[in-house]
$ cat input36.cif   # mmCIF, C-alpha atoms
data_data
#
loop_
_atom_site.group_PDB
_atom_site.id
_atom_site.type_symbol
_atom_site.label_atom_id
_atom_site.label_comp_id
_atom_site.auth_asym_id
_atom_site.auth_seq_id
_atom_site.Cartn_x
_atom_site.Cartn_y
_atom_site.Cartn_z
ATOM 1 C CA MET A 33 90.006 -213.418 244.467
ATOM 2 C CA PRO A 34 90.448 -210.697 246.376
ATOM 3 C CA ALA A 35 94.210 -210.903 246.304
ATOM 4 C CA LEU A 36 96.444 -212.818 248.673
ATOM 5 C CA ILE A 37 97.271 -210.175 251.313
ATOM 6 C CA THR A 38 93.631 -209.231 251.879
ATOM 7 C CA HIS A 39 92.732 -212.903 252.389
ATOM 8 C CA HIS A 40 95.651 -213.300 254.780
ATOM 9 C CA LEU A 41 94.572 -210.256 256.786
ATOM 10 C CA PHE A 42 91.019 -211.582 256.866
ATOM 11 C CA GLY A 43 92.308 -214.828 258.375
ATOM 12 C CA GLU A 44 94.380 -212.984 260.956
ATOM 13 C CA GLU A 45 91.411 -210.835 261.973
ATOM 14 C CA VAL A 46 89.211 -213.915 262.305
ATOM 15 C CA LEU A 47 91.802 -215.671 264.467
ATOM 16 C CA HIS A 48 92.073 -212.583 266.663
ATOM 17 C CA ARG A 49 88.347 -212.867 267.375
ATOM 18 C CA VAL A 50 87.755 -216.616 267.521
ATOM 19 C CA GLY A 51 91.225 -218.095 268.032
ATOM 20 C CA ARG A 52 90.271 -219.637 271.372
ATOM 21 C CA GLU A 53 87.296 -221.410 269.852
ATOM 22 C CA LEU A 54 89.371 -222.823 267.014
ATOM 23 C CA CYS A 55 92.185 -223.844 269.425
ATOM 24 C CA LEU A 56 94.814 -224.105 266.709
ATOM 25 C CA ALA A 57 98.327 -225.368 267.320
ATOM 26 C CA GLU A 58 101.122 -223.468 265.554
ATOM 27 C CA GLU A 59 101.212 -225.733 262.498
ATOM 28 C CA GLU A 60 97.404 -225.643 262.295
ATOM 29 C CA HIS A 61 97.451 -221.851 262.608
ATOM 30 C CA ASP A 62 99.729 -221.574 259.562
ATOM 31 C CA LEU A 63 97.594 -224.002 257.567
ATOM 32 C CA PHE A 64 94.419 -222.103 258.448
ATOM 33 C CA LEU A 65 95.994 -218.947 257.013
ATOM 34 C CA MET A 66 97.074 -220.881 253.933
ATOM 35 C CA GLY A 67 93.523 -222.161 253.597
ATOM 36 C CA CYS A 68 92.403 -218.538 253.545
ATOM 37 C CA GLN A 69 93.975 -218.356 250.066
ATOM 38 C CA GLY A 70 91.239 -220.748 248.956
ATOM 39 C CA PRO A 71 91.539 -222.326 245.491
ATOM 40 C CA ASP A 72 93.588 -219.375 244.175
ATOM 41 C CA PRO A 73 96.971 -221.189 244.175
ATOM 42 C CA PHE A 74 95.590 -223.566 241.533
ATOM 43 C CA PHE A 75 95.489 -220.671 239.048
ATOM 44 C CA PHE A 76 99.274 -220.343 239.322
ATOM 45 C CA ALA A 77 100.080 -224.012 238.600
ATOM 46 C CA VAL A 78 102.594 -224.083 235.752
ATOM 47 C CA THR A 79 105.073 -226.820 236.727
ATOM 48 C CA CYS A 80 102.527 -229.628 237.130
ATOM 49 C CA ALA A 81 102.116 -232.224 234.377
ATOM 50 C CA ARG A 82 98.353 -232.039 234.970
ATOM 51 C CA GLY A 83 98.305 -228.251 234.794
ATOM 52 C CA ASN A 84 95.039 -227.993 232.863
ATOM 53 C CA ALA A 85 93.127 -230.086 235.400
ATOM 54 C CA VAL A 86 94.758 -228.274 238.312
ATOM 55 C CA ARG A 87 93.888 -224.837 236.954
ATOM 56 C CA ALA A 88 90.374 -226.072 236.158
ATOM 57 C CA MET A 89 90.021 -227.011 239.819
ATOM 58 C CA GLY A 90 90.489 -223.357 240.736
ATOM 59 C CA SER A 91 87.773 -222.258 238.317
ATOM 60 C CA ASN A 92 85.371 -225.026 239.282
ATOM 61 C CA MET A 93 85.615 -224.377 243.006
ATOM 62 C CA HIS A 94 84.844 -220.689 242.464
ATOM 63 C CA ARG A 95 81.806 -221.210 240.237
ATOM 64 C CA ARG A 96 80.297 -224.671 240.687
ATOM 65 C CA ARG A 97 78.958 -227.028 243.335
ATOM 66 C CA VAL A 98 80.068 -224.939 246.289
ATOM 67 C CA SER A 99 77.926 -226.846 248.784
ATOM 68 C CA ALA A 100 78.981 -230.255 247.487
ATOM 69 C CA ALA A 101 82.661 -229.308 247.695
ATOM 70 C CA PHE A 102 82.469 -228.086 251.289
ATOM 71 C CA ASP A 103 80.296 -231.002 252.390
ATOM 72 C CA ARG A 104 82.848 -233.373 250.877
ATOM 73 C CA LEU A 105 85.825 -231.578 252.463
ATOM 74 C CA ARG A 106 84.204 -231.650 255.895
ATOM 75 C CA ALA A 107 83.348 -235.338 255.559
ATOM 76 C CA ASP A 108 86.880 -236.226 254.486
ATOM 77 C CA VAL A 109 88.412 -234.386 257.460
ATOM 78 C CA ALA A 110 86.482 -236.786 259.703
ATOM 79 C CA HIS A 111 88.246 -239.698 257.981
ATOM 80 C CA LEU A 112 91.785 -238.381 258.369
ATOM 81 C CA PRO A 113 94.157 -240.142 260.792
ATOM 82 C CA GLN A 114 93.845 -238.683 264.277
ATOM 83 C CA ASP A 115 97.224 -236.950 264.101
ATOM 84 C CA LYS A 116 96.219 -235.181 260.857
ATOM 85 C CA ALA A 117 92.633 -234.276 261.717
ATOM 86 C CA GLY A 118 93.546 -230.954 263.354
ATOM 87 C CA LEU A 119 95.453 -229.892 260.256
ATOM 88 C CA GLY A 120 92.565 -230.839 258.013
ATOM 89 C CA ARG A 121 90.009 -229.018 260.160
ATOM 90 C CA ALA A 122 92.151 -225.874 260.220
ATOM 91 C CA PHE A 123 92.656 -225.893 256.458
ATOM 92 C CA VAL A 124 88.974 -226.365 255.655
ATOM 93 C CA ALA A 125 88.043 -223.603 258.112
ATOM 94 C CA GLY A 126 90.486 -221.386 256.192
ATOM 95 C CA LEU A 127 88.930 -222.373 252.855
ATOM 96 C CA LEU A 128 85.553 -221.386 254.277
ATOM 97 C CA ALA A 129 86.998 -217.987 255.231
ATOM 98 C CA HIS A 130 88.171 -217.516 251.653
ATOM 99 C CA TYR A 131 84.734 -218.318 250.279
ATOM 100 C CA VAL A 132 82.950 -215.998 252.695
ATOM 101 C CA LEU A 133 85.246 -213.039 252.000
ATOM 102 C CA ASP A 134 85.017 -213.655 248.258
ATOM 103 C CA ARG A 135 81.241 -213.707 248.184
ATOM 104 C CA ASN A 136 81.055 -210.473 250.180
ATOM 105 C CA ALA A 137 83.889 -208.617 248.442
ATOM 106 C CA HIS A 138 83.555 -209.611 244.802
ATOM 107 C CA PRO A 139 80.433 -207.538 244.058
ATOM 108 C CA PHE A 140 82.404 -204.486 245.277
ATOM 109 C CA VAL A 141 85.353 -205.374 243.023
ATOM 110 C CA TYR A 142 83.212 -206.157 239.989
ATOM 111 C CA ALA A 143 81.231 -202.937 240.419
ATOM 112 C CA HIS A 144 84.411 -200.881 240.152
ATOM 113 C CA GLU A 145 85.860 -203.065 237.383
ATOM 114 C CA TYR A 146 82.747 -202.694 235.234
ATOM 115 C CA GLU A 147 82.558 -198.970 235.868
ATOM 116 C CA LEU A 148 86.127 -198.545 234.643
ATOM 117 C CA CYS A 149 85.966 -200.910 231.665
ATOM 118 C CA ASP A 150 82.434 -200.506 230.338
ATOM 119 C CA TYR A 151 82.892 -196.836 229.515
ATOM 120 C CA ASN A 152 86.560 -196.691 228.573
ATOM 121 C CA ARG A 153 87.487 -197.964 225.120
ATOM 122 C CA GLU A 154 91.132 -198.334 226.082
ATOM 123 C CA LEU A 155 90.113 -200.851 228.763
ATOM 124 C CA ALA A 156 87.480 -202.712 226.758
ATOM 125 C CA ASP A 157 89.749 -205.775 226.438
ATOM 126 C CA ALA A 158 91.323 -205.501 229.887
ATOM 127 C CA TYR A 159 88.637 -206.624 232.351
ATOM 128 C CA HIS A 160 90.803 -209.353 233.900
ATOM 129 C CA GLU A 161 93.777 -207.057 234.303
ATOM 130 C CA VAL A 162 91.690 -204.211 235.764
ATOM 131 C CA HIS A 163 90.140 -206.690 238.203
ATOM 132 C CA ALA A 164 93.615 -207.736 239.365
ATOM 133 C CA VAL A 165 94.816 -204.126 239.671
ATOM 134 C CA ILE A 166 91.847 -203.264 241.900
ATOM 135 C CA GLU A 167 92.565 -206.266 244.099
ATOM 136 C CA SER A 168 96.273 -205.483 244.397
ATOM 137 C CA GLU A 169 95.356 -201.909 245.378
ATOM 138 C CA LEU A 170 92.983 -203.306 248.005
ATOM 139 C CA ASP A 171 95.848 -205.455 249.314
ATOM 140 C CA CYS A 172 98.008 -202.366 249.741
ATOM 141 C CA GLY A 173 95.158 -200.342 251.196
ATOM 142 C CA MET A 174 94.086 -202.925 253.768
ATOM 143 C CA LEU A 175 97.686 -203.604 254.794
ATOM 144 C CA ASP A 176 98.128 -199.906 255.514
ATOM 145 C CA HIS A 177 94.657 -199.580 257.088
ATOM 146 C CA LEU A 178 94.974 -202.556 259.443
ATOM 147 C CA ARG A 179 98.711 -202.871 260.062
ATOM 148 C CA GLY A 180 100.230 -199.509 259.113
ATOM 149 C CA VAL A 181 102.846 -201.135 256.868
ATOM 150 C CA ASN A 182 103.387 -201.493 253.116
ATOM 151 C CA CYS A 183 104.185 -204.336 250.725
ATOM 152 C CA ALA A 184 107.913 -203.851 251.171
ATOM 153 C CA GLN A 185 107.542 -204.566 254.891
ATOM 154 C CA LEU A 186 105.152 -207.494 254.428
ATOM 155 C CA THR A 187 105.902 -208.990 251.032
ATOM 156 C CA PRO A 188 103.089 -210.839 249.254
ATOM 157 C CA ALA A 189 105.061 -214.074 248.884
ATOM 158 C CA SER A 190 105.693 -214.201 252.642
ATOM 159 C CA VAL A 191 102.017 -214.900 253.422
ATOM 160 C CA LEU A 192 102.160 -218.217 251.528
ATOM 161 C CA ALA A 193 103.267 -220.480 254.362
ATOM 162 C CA GLY A 194 102.440 -223.911 255.745
ATOM 163 C CA SER A 195 104.571 -226.932 256.608
ATOM 164 C CA PRO A 196 105.194 -229.592 253.936
ATOM 165 C CA GLU A 197 103.160 -232.059 255.999
ATOM 166 C CA GLY A 198 100.277 -229.615 256.376
ATOM 167 C CA LEU A 199 100.242 -228.714 252.681
ATOM 168 C CA LEU A 200 100.156 -232.393 251.751
ATOM 169 C CA VAL A 201 97.154 -232.935 254.044
ATOM 170 C CA ALA A 202 95.494 -229.990 252.318
ATOM 171 C CA GLY A 203 96.421 -231.403 248.919
ATOM 172 C CA THR A 204 94.958 -234.790 249.833
ATOM 173 C CA LEU A 205 91.620 -233.242 250.825
ATOM 174 C CA LEU A 206 91.461 -231.138 247.678
ATOM 175 C CA ALA A 207 92.409 -234.067 245.437
ATOM 176 C CA GLN A 208 89.583 -236.155 246.890
ATOM 177 C CA THR A 209 87.160 -233.280 246.302
ATOM 178 C CA ALA A 210 88.463 -232.773 242.759
ATOM 179 C CA ARG A 211 87.716 -236.368 241.831
ATOM 180 C CA ALA A 212 84.440 -236.847 243.726
ATOM 181 C CA VAL A 213 82.800 -233.476 243.062
ATOM 182 C CA PHE A 214 84.364 -232.130 239.852
ATOM 183 C CA GLU A 215 85.663 -235.321 238.163
ATOM 184 C CA LEU A 216 89.122 -233.803 237.773
ATOM 185 C CA ASP A 217 92.420 -235.692 237.936
ATOM 186 C CA VAL A 218 94.158 -233.718 240.669
ATOM 187 C CA ARG A 219 96.744 -235.432 242.903
ATOM 188 C CA PRO A 220 97.691 -234.642 246.527
ATOM 189 C CA VAL A 221 101.068 -233.211 245.454
ATOM 190 C CA ASP A 222 99.460 -230.763 243.024
ATOM 191 C CA TYR A 223 98.277 -228.314 245.675
ATOM 192 C CA PRO A 224 101.690 -227.951 247.393
ATOM 193 C CA GLY A 225 103.204 -227.586 243.915
ATOM 194 C CA ALA A 226 100.721 -224.861 243.020
ATOM 195 C CA VAL A 227 101.550 -223.005 246.244
ATOM 196 C CA ASP A 228 105.238 -223.151 245.304
ATOM 197 C CA ASP A 229 104.422 -221.795 241.835
ATOM 198 C CA MET A 230 102.323 -218.989 243.297
ATOM 199 C CA ARG A 231 105.092 -218.046 245.736
ATOM 200 C CA LEU A 232 107.704 -218.018 242.963
ATOM 201 C CA CYS A 233 105.476 -215.881 240.751
ATOM 202 C CA TYR A 234 105.117 -213.190 243.395
ATOM 203 C CA GLN A 235 108.812 -213.323 244.223
ATOM 204 C CA LYS A 236 109.590 -212.639 240.559
ATOM 205 C CA ILE A 237 107.090 -209.838 239.872
ATOM 206 C CA GLU A 238 107.334 -207.809 243.079
ATOM 207 C CA PRO A 239 107.370 -204.926 243.565
ATOM 208 C CA PHE A 240 105.513 -203.155 240.790
ATOM 209 C CA GLY A 241 107.895 -200.933 238.829
ATOM 210 C CA SER A 242 111.027 -202.976 239.499
ATOM 211 C CA ALA A 243 113.302 -203.708 236.561
ATOM 212 C CA ARG A 244 112.512 -207.429 236.726
ATOM 213 C CA GLN A 245 108.761 -206.803 236.794
ATOM 214 C CA ARG A 246 109.010 -204.487 233.803
ATOM 215 C CA ASN A 247 111.032 -207.033 231.829
ATOM 216 C CA ILE A 248 108.617 -209.856 232.614
ATOM 217 C CA SER A 249 105.632 -207.698 231.696
ATOM 218 C CA ARG A 250 107.274 -206.604 228.458
ATOM 219 C CA ALA A 251 107.826 -210.214 227.481
ATOM 220 C CA GLU A 252 104.224 -211.111 228.330
ATOM 221 C CA ARG A 253 102.928 -208.314 226.121
ATOM 222 C CA LEU A 254 104.618 -209.922 223.116
ATOM 223 C CA ALA A 255 101.876 -212.567 223.296
ATOM 224 C CA ARG A 256 98.897 -210.583 224.599
ATOM 225 C CA PRO A 257 97.814 -206.918 224.633
ATOM 226 C CA HIS A 258 98.021 -206.447 228.419
ATOM 227 C CA SER A 259 100.204 -207.928 231.135
ATOM 228 C CA GLN A 260 98.338 -209.973 233.721
ATOM 229 C CA LEU A 261 101.528 -210.309 235.764
ATOM 230 C CA ALA A 262 101.964 -206.536 235.918
ATOM 231 C CA SER A 263 98.402 -206.195 237.189
ATOM 232 C CA LEU A 264 99.126 -208.657 240.013
ATOM 233 C CA ALA A 265 102.189 -206.760 241.293
ATOM 234 C CA HIS A 266 101.904 -204.419 244.288
ATOM 235 C CA LYS A 267 103.029 -200.813 244.579
ATOM 236 C CA VAL A 268 104.974 -200.227 247.781
ATOM 237 C CA ASP A 269 103.835 -196.599 247.983
ATOM 238 C CA GLU A 270 100.117 -197.422 247.707
ATOM 239 C CA GLY A 271 98.206 -196.721 250.927
ATOM 240 C CA ALA A 272 94.757 -196.754 252.475
ATOM 241 C CA ASP A 273 93.785 -193.590 250.606
ATOM 242 C CA ASN A 274 93.933 -195.213 247.156
ATOM 243 C CA PRO A 275 90.702 -194.879 245.128
ATOM 244 C CA SER A 276 89.922 -198.599 245.121
ATOM 245 C CA MET A 277 89.288 -198.467 248.882
ATOM 246 C CA ASN A 278 86.338 -196.058 248.339
ATOM 247 C CA MET A 279 87.064 -194.196 251.560
ATOM 248 C CA ALA A 280 85.038 -191.300 250.117
ATOM 249 C CA HIS A 281 81.938 -193.544 250.185
ATOM 250 C CA LEU A 282 80.997 -193.032 246.562
ATOM 251 C CA ALA A 283 77.953 -194.962 245.388
ATOM 252 C CA TRP A 284 78.459 -198.278 243.610
ATOM 253 C CA GLU A 285 76.039 -200.812 242.135
ATOM 254 C CA ASP A 286 76.053 -204.507 242.972
ATOM 255 C CA PRO A 287 76.210 -206.135 239.514
ATOM 256 C CA PHE A 288 74.354 -209.261 240.647
ATOM 257 C CA LYS A 289 71.302 -207.771 242.334
ATOM 258 C CA PRO A 290 69.458 -204.447 242.150
ATOM 259 C CA GLN A 291 71.183 -202.857 245.088
ATOM 260 C CA SER A 292 73.382 -199.794 245.488
ATOM 261 C CA SER A 293 75.798 -199.062 248.315
ATOM 262 C CA THR A 294 78.258 -196.466 249.522
ATOM 263 C CA GLU A 295 80.318 -198.911 251.604
ATOM 264 C CA SER A 296 84.073 -198.516 251.674
ATOM 265 C CA PHE A 297 86.118 -201.669 251.272
ATOM 266 C CA PRO A 298 87.003 -201.794 254.997
ATOM 267 C CA GLU A 299 83.262 -201.873 255.669
ATOM 268 C CA VAL A 300 82.797 -204.704 253.174
ATOM 269 C CA PHE A 301 85.704 -206.525 254.843
ATOM 270 C CA GLU A 302 84.098 -206.149 258.273
ATOM 271 C CA ARG A 303 80.771 -207.374 256.921
ATOM 272 C CA GLY A 304 82.606 -210.448 255.660
ATOM 273 C CA ILE A 305 84.070 -211.122 259.110
ATOM 274 C CA GLU A 306 80.626 -210.919 260.688
ATOM 275 C CA ASP A 307 79.317 -213.302 258.023
ATOM 276 C CA TYR A 308 82.112 -215.792 258.711
ATOM 277 C CA LEU A 309 81.621 -215.691 262.476
ATOM 278 C CA ARG A 310 77.978 -216.572 261.861
ATOM 279 C CA ILE A 311 78.661 -219.395 259.404
ATOM 280 C CA LEU A 312 81.677 -221.138 260.960
ATOM 281 C CA PRO A 313 79.897 -222.614 264.029
ATOM 282 C CA ALA A 314 77.049 -223.918 261.893
ATOM 283 C CA PHE A 315 79.454 -225.445 259.371
ATOM 284 C CA GLU A 316 81.525 -227.134 262.063
ATOM 285 C CA ALA A 317 78.348 -228.420 263.715
ATOM 286 C CA GLY A 318 77.562 -230.270 260.486
ATOM 287 C CA GLU A 319 74.825 -228.097 259.005
ATOM 288 C CA PRO A 320 74.492 -228.773 255.249
ATOM 289 C CA MET A 321 76.491 -226.202 253.353
ATOM 290 C CA ALA A 322 73.543 -225.576 251.027
ATOM 291 C CA LEU A 323 71.843 -223.887 253.977
ATOM 292 C CA LEU A 324 74.842 -221.578 254.436
ATOM 293 C CA THR A 325 75.746 -220.438 250.930
ATOM 294 C CA GLY A 326 72.732 -218.198 250.456
ATOM 295 C CA GLY A 327 72.745 -219.576 246.908
ATOM 296 C CA LEU A 328 75.917 -217.604 246.108
ATOM 297 C CA ASP A 329 79.148 -218.753 244.493
ATOM 298 C CA TYR A 330 82.587 -217.333 245.316
ATOM 299 C CA HIS A 331 81.871 -214.326 243.093
ATOM 300 C CA GLY A 332 78.837 -213.347 245.135
ATOM 301 C CA LYS A 333 76.755 -214.351 242.123
ATOM 302 C CA PRO A 334 73.607 -216.515 242.386
ATOM 303 C CA MET A 335 74.383 -220.038 241.239
ATOM 304 C CA ASP A 336 72.698 -221.244 238.096
ATOM 305 C CA GLY A 337 71.486 -224.704 239.014
ATOM 306 C CA ARG A 338 74.809 -226.528 238.949
ATOM 307 C CA GLU A 339 74.928 -226.219 242.729
ATOM 308 C CA GLU A 340 74.103 -229.408 244.597
ATOM 309 C CA PRO A 341 70.482 -229.849 245.673
ATOM 310 C CA LEU A 342 69.839 -229.219 249.345
ATOM 311 C CA GLY A 343 71.055 -232.029 251.545
ATOM 312 C CA SER A 344 72.762 -234.052 248.802
ATOM 313 C CA THR A 345 75.931 -235.934 249.637
ATOM 314 C CA HIS A 346 78.667 -237.792 247.835
ATOM 315 C CA PRO A 347 79.599 -241.339 248.845
ATOM 316 C CA LEU A 348 82.942 -241.622 250.606
#

$ encode --input "input36.cif" --output "structure tokens"
Amino acid sequence: MPALITHHLFGEEVLHRVGRELCLAEEEHDLFLMGCQGPDPFFFAVTCARGNAVRAMGSNMHRRRVSAAFDRLRADVAHLPQDKAGLGRAFVAGLLAHYVLDRNAHPFVYAHEYELCDYNRELADAYHEVHAVIESELDCGMLDHLRGVNCAQLTPASVLAGSPEGLLVAGTLLAQTARAVFELDVRPVDYPGAVDDMRLCYQKIEPFGSARQRNISRAERLARPHSQLASLAHKVDEGADNPSMNMAHLAWEDPFKPQSSTESFPEVFERGIEDYLRILPAFEAGEPMALLTGGLDYHGKPMDGREEPLGSTHPL
């Protein structure tokens, strides 16, 4: 990911710096922030009849054909009705923010995940859950660091907004991309449905340590050794001094290239903002996305040849 609050804060910080350039109306503002959640809502789709395809869309967007997907989304915004074009532009700009933060932040998250799991036998089968715990701790840490509040004052589910009309515009764009780029049967209503499922999930599991969260996690562990839902929940007493934030500037190794760093997560976050402010104008000016990805997928990992060749397009 990172998790939903960090992406929301990233969007708010971007709007604080470039809001005038984006010129978003209120409904567009909300949809931009929803776009900052990227493809992540698709992972929560459980009520959709096409759940497998919808969840596959989340995985595919993170790992494959990043340039082709963004080129297609941008092209399809240009073909929206005039009264919907602003919503589409705002949502795609938010999706771009999600991608840029992911590619900057994921090496930091993976470095700490691997350090914890590679050398601890008790965590050898818990990479996914440890990853989610780190990201939920970063949510809590950045919320405290940037806003001075906790997850009881700004609940995770509350950042999943957007009008029904705006979410349907977003769903239409994503459905077109699913079919044209990934050959997946995703419908316009599937994205709004996935957002509803994601919101309900966080409403049920928050906060960490509540009786309901414990009961849900206990039931999940009847089928698997660790609870993914417990790892997603946020601790209301977690602050900016939690170890995942690396405020002590301990060294960490980028798992995808031979490079070490002592950056804290707030420094990684700021680097992501600078990256986005560089990329957004070029993207909106129509520069091919393959020139802007740096060859990296959403994980910050070099793509393995499934990425679209430079300058390729999909017919509308």

$ closest_residue --input "input36.cif" --among "A:Gly70, A:Thr325, A:Asp229, A:Ala143" --to "Arg310 in chain A" --atoms "only C-alpha atoms"
A:Thr325

$ atom_distance --input "input36.cif" --atom1 "CA of Ala117 in chain A" --atom2 "CA of Gly203 in chain A"
13.7 Å

$ closest_atom_pairs --input "input36.cif" --of "range 220-338 of chain A" --to "range 123-129 of chain A" --cutoff "9 Å" --atoms "all atoms listed in the file" --output "tab-separated table"
residue	atom	partner	partner_atom	distance
A:Gly304	CA	A:Ala129	CA	8.7
A:Ile305	CA	A:Ala129	CA	8.4
A:Tyr308	CA	A:Ala129	CA	6.4
A:Ile311	CA	A:Leu128	CA	8.8
A:Leu312	CA	A:Ala125	CA	7.4
A:Phe315	CA	A:Ala125	CA	8.9
A:Glu316	CA	A:Ala125	CA	8.4

$ resolve_selection --input "input36.cif" --expression "the PyMOL selection byres ((chain A and resi 193-197) around 8)" --output "VMD selection string"
chain A and resid 59 62 to 63 65 to 66 190 to 192 198 to 201 224

$ write_last_selection --input "input36.cif" --atoms "C-alpha atoms" --output "short mmCIF file (atom, residue, chain, number, x, y, z; two decimals), keeping the file's coordinate frame"
data_model
loop_
_atom_site.label_atom_id
_atom_site.label_comp_id
_atom_site.auth_asym_id
_atom_site.auth_seq_id
_atom_site.Cartn_x
_atom_site.Cartn_y
_atom_site.Cartn_z
CA GLU A 59 101.21 -225.73 262.50
CA ASP A 62 99.73 -221.57 259.56
CA LEU A 63 97.59 -224.00 257.57
CA LEU A 65 95.99 -218.95 257.01
CA MET A 66 97.07 -220.88 253.93
CA SER A 190 105.69 -214.20 252.64
CA VAL A 191 102.02 -214.90 253.42
CA LEU A 192 102.16 -218.22 251.53
CA GLY A 198 100.28 -229.62 256.38
CA LEU A 199 100.24 -228.71 252.68
CA LEU A 200 100.16 -232.39 251.75
CA VAL A 201 97.15 -232.94 254.04
CA PRO A 224 101.69 -227.95 247.39
#

$ closest_residue --input "input36.cif" --among "A:Pro73, A:Pro290, A:Gly318, A:Pro239" --to "Tyr223 in chain A" --atoms "all atoms listed in the file"
A:Pro73

$ residues_around --input "input36.cif" --residues "His331 in chain A" --least-positions-apart "2" --cutoff "8 Å" --atoms "all atoms listed in the file" --output "PyMOL selection string"
chain A and resi 94-95+134-135+138-139+328-329+333

$ residues_near_point --input "input36.cif" --point "(90.2, -197.1, 249.1)" --cutoff "8 Å" --atoms "all atoms listed in the file" --output "list in words"
Glu169, Leu170, Gly173, Ala272, Asp273, Asn274, Pro275, Ser276, Met277, Asn278, Met279, Ala280, Ser296 and Phe297 of chain A

$ resolve_selection --input "input36.cif" --expression "the PyMOL selection byres ((chain A and resi 206) around 10)" --output "list in words"
Pro71, Met89, Ala101, Arg104, Leu105, Asp108, Val124, Leu200, Val201, Ala202, Gly203, Thr204, Leu205, Ala207, Gln208, Thr209, Ala210, Arg211, Ala212, Val218, Arg219, Pro220, Asp222 and Tyr223 of chain A

$ closest_residue --input "input36.cif" --among "A:Tyr234, A:Phe288, A:Phe301, A:Phe64" --to "Leu119 in chain A" --atoms "all atoms listed in the file"
A:Phe64

$ atom_distance --input "input36.cif" --atom1 "CA of Leu56 in chain A" --atom2 "CA of Pro313 in chain A"
15.2 Å

$ residues_around --input "input36.cif" --residues "Ser249 in chain A" --least-positions-apart "6" --cutoff "10 Å" --atoms "only C-alpha atoms" --output "PyMOL selection string"
chain A and resi 237+243+258-263

$ atom_distance --input "input36.cif" --atom1 "CA of Gly225 in chain A" --atom2 "CA of Cys80 in chain A"
7.1 Å

$ closest_residue --input "input36.cif" --among "A:Ala322, A:Cys183, A:Leu216, A:Ala122" --to "Asp269 in chain A" --atoms "all atoms listed in the file"
A:Cys183

$ resolve_selection --input "input36.cif" --expression "the PyMOL selection byres ((chain A and resi 35) around 9)" --output "VMD selection string"
chain A and resid 33 to 34 36 to 40 69 72 164 167 to 168 170 to 171 264
